[in-house]
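Contents: one structure, followed by commentary.
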Amino acid sequence: MSDNINFQFEQNEQRPLQDFAEQAYLDYSMYVILDRALPHISDGLKPVQRRIIFAMSELGLKSVSKYKKSARTVGDVIGKFHPHGDSACYEAMVLMAQPFTYRYPLIDGQGNWGSMDDPKSFAAMRYTESKLMAYAEVLLSELGQGTVEWRPNFDGTLQEPGLLPARLPNILLNGTTGIAVGMATDIPPHNLIEVTSACIRLLESPKSTVEELCEHIKGPDFPTHAEIITSREDILELYKSGTGSVRMRAVWEKEDSHIVITALPHQSSGSKILEQIAAQMHAKKLPMLDDLRDESDHENPVRIVLIPRSNRVNCDDLMSHLFATSDLERSYRVNMNIIGLDGRPKVMDLRSILKEWLSFRITTVTKRLQHRLDNILAQVHILQGLMIAYLNIDEVILIIRQKDKPKSVLRKRFKLSDIQAEAILDLKLRRLAKLEEIKIKGELKELEKEGKALKQTLGSRQRLKTLVKKELQADAKEFGDKRKSPLIERQEAQAIDETKLLPTEAVTVILSTKGWVRVAKGHDIDPKTLNYRAEDSFKCMASGHSNQNTVFIDSTGRCYTLPTHSLPSARSHGDPVSSRVNPPDGASFEGVMLGKASNTYLMASDAGYGFIAKLEDLVSRNKNGKLVVSLPRESKLLPPVIVMNYETDLIAAVSTIGRLLIFPLNQLPLLAKGKGLKIIQIPPAKLQAREEYVVAMTVVSDNAILTIKSGQRHLKLKPVDIKHYVGERGRRGNMLPRGFRNITWMGVVET
């Protein structure tokens, strides 16, 4: 028994799992690329779209027919040709029926087929009805004329066309999007008249360049009246490479003092745009806008009204800001990745697409004419046999009546083919009349004339091109329309600087010892009079304006930035800074800075090192902040001190044991970050043991009085007294008078 089992397994192919999985994934990838996601250059359709159109034609749902339930069509499609989910099939069907999605819709829908605001809000297929649009005849009219190859459906019981014999380059007219495995396609729609004009140009001048073809095709033409603002040069480069992007911008106009938006970019939702603008108004980022409302209705599909706060509002600047910050302006990727006539996907430029499609079209027309010629020749052959029978009607009747095998006798007697003899035997008595003979002669003459014309056309490349040209012109006349998306080059949209939108008020930012922050209006604030939370108190403050940024620095030397206008009011206890940023664990906030970007600050550590930094270099948009001050081991950060005049101010540094050193501030470097240079000498051993360290640093201006506290004692050093402590940077400094050997604070008082 076991031997038999082993023998059976030996007959099976054995492959490594890695090779099997690789081949299986490759097969799946090719299936998705060629039979699901990418369109074919011939008819511009994906397989599911092609099968939907074909199934509807088989159901007799032409443009002049009555509507039928969409569920009927979907059932036929998935039951006969496309064995996949009904919802996916119906969604593909819906897209081909939406006039705001397809430039030239293929399906005429009745019922709820979605809206511009929500394209997927369509009703279920059991409620909607549909039939083909007249434009679909462009794809179907030549289907039964020997133009395409037919193949078995998925279960082999029916035949379906591999491609549709499109009379127009639908691949460019309606465009498409799709995502395959490792590749995608994004082809924008175009105007039918422009594309057919370019095709005719290429037929007449096969060496036409992309630049010359773009004299006819100005650019994409979306099913919306919004403006295409991409420059002419960018569009030309897009058509040369087959990849790029196109930008669309909403159309607006002024009515009295209101702004009215009348057209939105392709696939933009009016309700979403209203939400985006309302969110900015709620966040106080649009103070110049008073109100907005949606007045869209059946007669005006897009009508969004914006009401400025006053007549002084610059509407151009306001709309430029909205274009930059909302879906009123959108960019569309272009990647003209198409399955070519060789069955391989590739990115094509405009000339390659038109040239390859024209090659397909000429081949299709050749097949159609040859099919018609073959039918004519077969019919002429039969009619010639019938004419022989009419000329010898009595003898033919006699043979049929008397002979057992009249067919063979007829063939031998009159030198007829099998087909001709069969046609004679199939004649009905009523067709033996004299009128029938005259009719056959006339028909034979017409067929021979048509056959001769077909042979001439098939034998001449130029005649074929002329025929294709005339058919293109006829279709353009029947289905063409004016461009919907105007091409207008515009300046790039600019968002209004948020700080310019805010009122400029004098404010004071107050930081508590526990890291809570709040903002008070004005600069004459006594922070000690404010209420603080239990076990909390005032630490430091900074003055500036509400449209500036506030910079906080923590005990690890990291800086964080918050918009001043977003900080809580001083009428409350404020909010913890740590709730808005992400400082390291255990870090505390040691200072706050506010002012102009050009303001400079003294950044130092109690190890006696420091540098000068500009406020603009301390700003960070990251919640985690950025490291500005590198702290030596066993040292702590000192609160930053604002510098009024870098060239003339002095720096004063005092240690805990009372050593004071003063020197010109410009001896310290201007840095964006770092450790800085040595300011005052502290013995490393004493610093490590925390026996001595810098307790305070400050900046001393001309005519300023330097005040030093030691317990309850105050020492005031006038400019004359300060000279005694002036020395070289990095020295130990001079000792303060006895009684000031345990310093707790140092500051300045302007005279």
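Every chain in the structure tokens takes a letter, A first, then B, and so on in the order presented; its residues are numbered from 1, and the ligands are numbered from 1 following the presented order.
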Using backbone DSSP assignments, extract all alpha helix (DSSP H) residues from range 178-240 of chain A; output them as a ChimeraX atom specification. /A:192-204,210-213,232-240
Can you tell me, as a ChimeraX atom specification, what residues are no more than 7 Å from Ser620 in chain A when counting only C-alpha atoms, ignoring any on the same chain fewer than 4 positions away? /A:559-561,625-626
Would you return as JSON, numbers by chain the members of range 521-597 of chain A that DSSP assigns to strand (DSSP E) on this structure's backbone? {"A": [521, 538, 539, 540, 541, 542, 543, 544, 545, 549, 550, 551, 552, 553, 554, 558, 559, 560, 561, 562, 563, 575, 576, 589, 590, 591, 592, 593, 594]}
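By only C-alpha atoms, and with residues fewer than 3 positions from range 143-148 of chain A along its chain excluded, the set lying at most 6 Å from it is Leu140, Thr364, Lys367, Arg368 and His371 of chain A.
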Select from range 428-489 of chain A every residue with an atom at most 10 Å from any atom of range 246-259 of chain A, then for each give the shortest pair of atoms and their distance in Å to one decimal, using only C-alpha atoms, rows by chain and rising number, as JSON lines.
```
{"residue": "A:Ser485", "atom": "CA", "partner": "A:Met248", "partner_atom": "CA", "distance": 8.8}
{"residue": "A:Pro486", "atom": "CA", "partner": "A:Met248", "partner_atom": "CA", "distance": 9.8}
{"residue": "A:Leu487", "atom": "CA", "partner": "A:Met248", "partner_atom": "CA", "distance": 9.3}
{"residue": "A:Ile488", "atom": "CA", "partner": "A:Arg249", "partner_atom": "CA", "distance": 9.7}
```
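The environment of Ile510 in chain A within 6 Å, counting only C-alpha atoms and disregarding residues fewer than 3 places along the same chain, consists of Val517, Arg518 and Met541 of chain A.
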Those selected residues, please, written with C-alpha atoms and delivered as a PDB file, in the first residue's frame.
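Listed below is the output, part.pdb:
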```pdb
ATOM      1  CA  VAL A 517       1.996  79.131  30.707  1.00  0.00           C
ATOM      2  CA  ARG A 518      -0.523  81.918  30.095  1.00  0.00           C
ATOM      3  CA  MET A 541       8.166  86.144  31.621  1.00  0.00           C
TER       4      MET A 541
END
```
Within 8 Å of range 572-576 of chain A, counting only C-alpha atoms, which residues qualify if same-chain residues fewer than 6 places away don't, as an mmCIF file with C-alpha atoms, in the first residue's frame?
```
data_model
loop_
_atom_site.group_PDB
_atom_site.id
_atom_site.type_symbol
_atom_site.label_atom_id
_atom_site.label_comp_id
_atom_site.auth_asym_id
_atom_site.auth_seq_id
_atom_site.Cartn_x
_atom_site.Cartn_y
_atom_site.Cartn_z
ATOM 1 C CA LYS A 514 5.729 74.062 37.436
ATOM 2 C CA GLY A 515 5.793 74.788 33.677
ATOM 3 C CA TRP A 516 2.333 76.347 33.276
ATOM 4 C CA VAL A 517 1.996 79.131 30.707
ATOM 5 C CA ARG A 518 -0.523 81.918 30.095
ATOM 6 C CA ASN A 531 -3.096 83.722 41.105
ATOM 7 C CA TYR A 532 -1.134 80.467 40.820
ATOM 8 C CA ARG A 533 -2.003 76.870 41.514
#
```
Which residues are close to range 455-467 of chain A, i.e. within 9 Å by only C-alpha atoms, leaving aside same-chain residues fewer than 4 positions away? Reply as a PDB file with C-alpha atoms, in the first residue's frame.
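Once everything was written out, this is result33.pdb:
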```pdb
ATOM      1  CA  LEU A 203      -2.643  60.818 -41.075  1.00  0.00           C
ATOM      2  CA  GLU A 204      -1.777  63.632 -43.474  1.00  0.00           C
ATOM      3  CA  ILE A 362      -6.458  51.282 -40.278  1.00  0.00           C
ATOM      4  CA  VAL A 365     -11.032  49.296 -41.359  1.00  0.00           C
ATOM      5  CA  THR A 366      -9.027  46.912 -43.563  1.00  0.00           C
ATOM      6  CA  LEU A 369     -13.631  46.163 -45.870  1.00  0.00           C
ATOM      7  CA  GLN A 370     -12.162  42.732 -46.505  1.00  0.00           C
ATOM      8  CA  LEU A 373     -15.635  42.225 -49.922  1.00  0.00           C
ATOM      9  CA  GLU A 450     -19.190  47.982 -54.755  1.00  0.00           C
ATOM     10  CA  GLY A 451     -16.711  45.100 -54.887  1.00  0.00           C
ATOM     11  CA  GLU A 471     -15.049  58.610 -40.814  1.00  0.00           C
ATOM     12  CA  LEU A 472     -13.188  60.563 -38.098  1.00  0.00           C
TER      13      LEU A 472
END
```
Residue nearest Asp76 in chain A - candidates A:Leu158, A:Leu717, A:Ala97, A:Ala597, atoms counted: only C-alpha atoms: A:Leu158
So which residues touch range 281-291 of chain A within 8 Å, counting only C-alpha atoms, skipping near sequence neighbours fewer than 4 positions away, as a PyMOL selection string? chain A and resi 277+306-310+313+498+501-502
I'd like to know which of A:Pro105, A:Gly595, A:Pro99, A:Gly182 is closest to Val32 in chain A, using only C-alpha atoms. A:Gly182
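Of note, CA of Lys709 in chain A and CA of Asn742 in chain A are spaced 8.7 Å apart.
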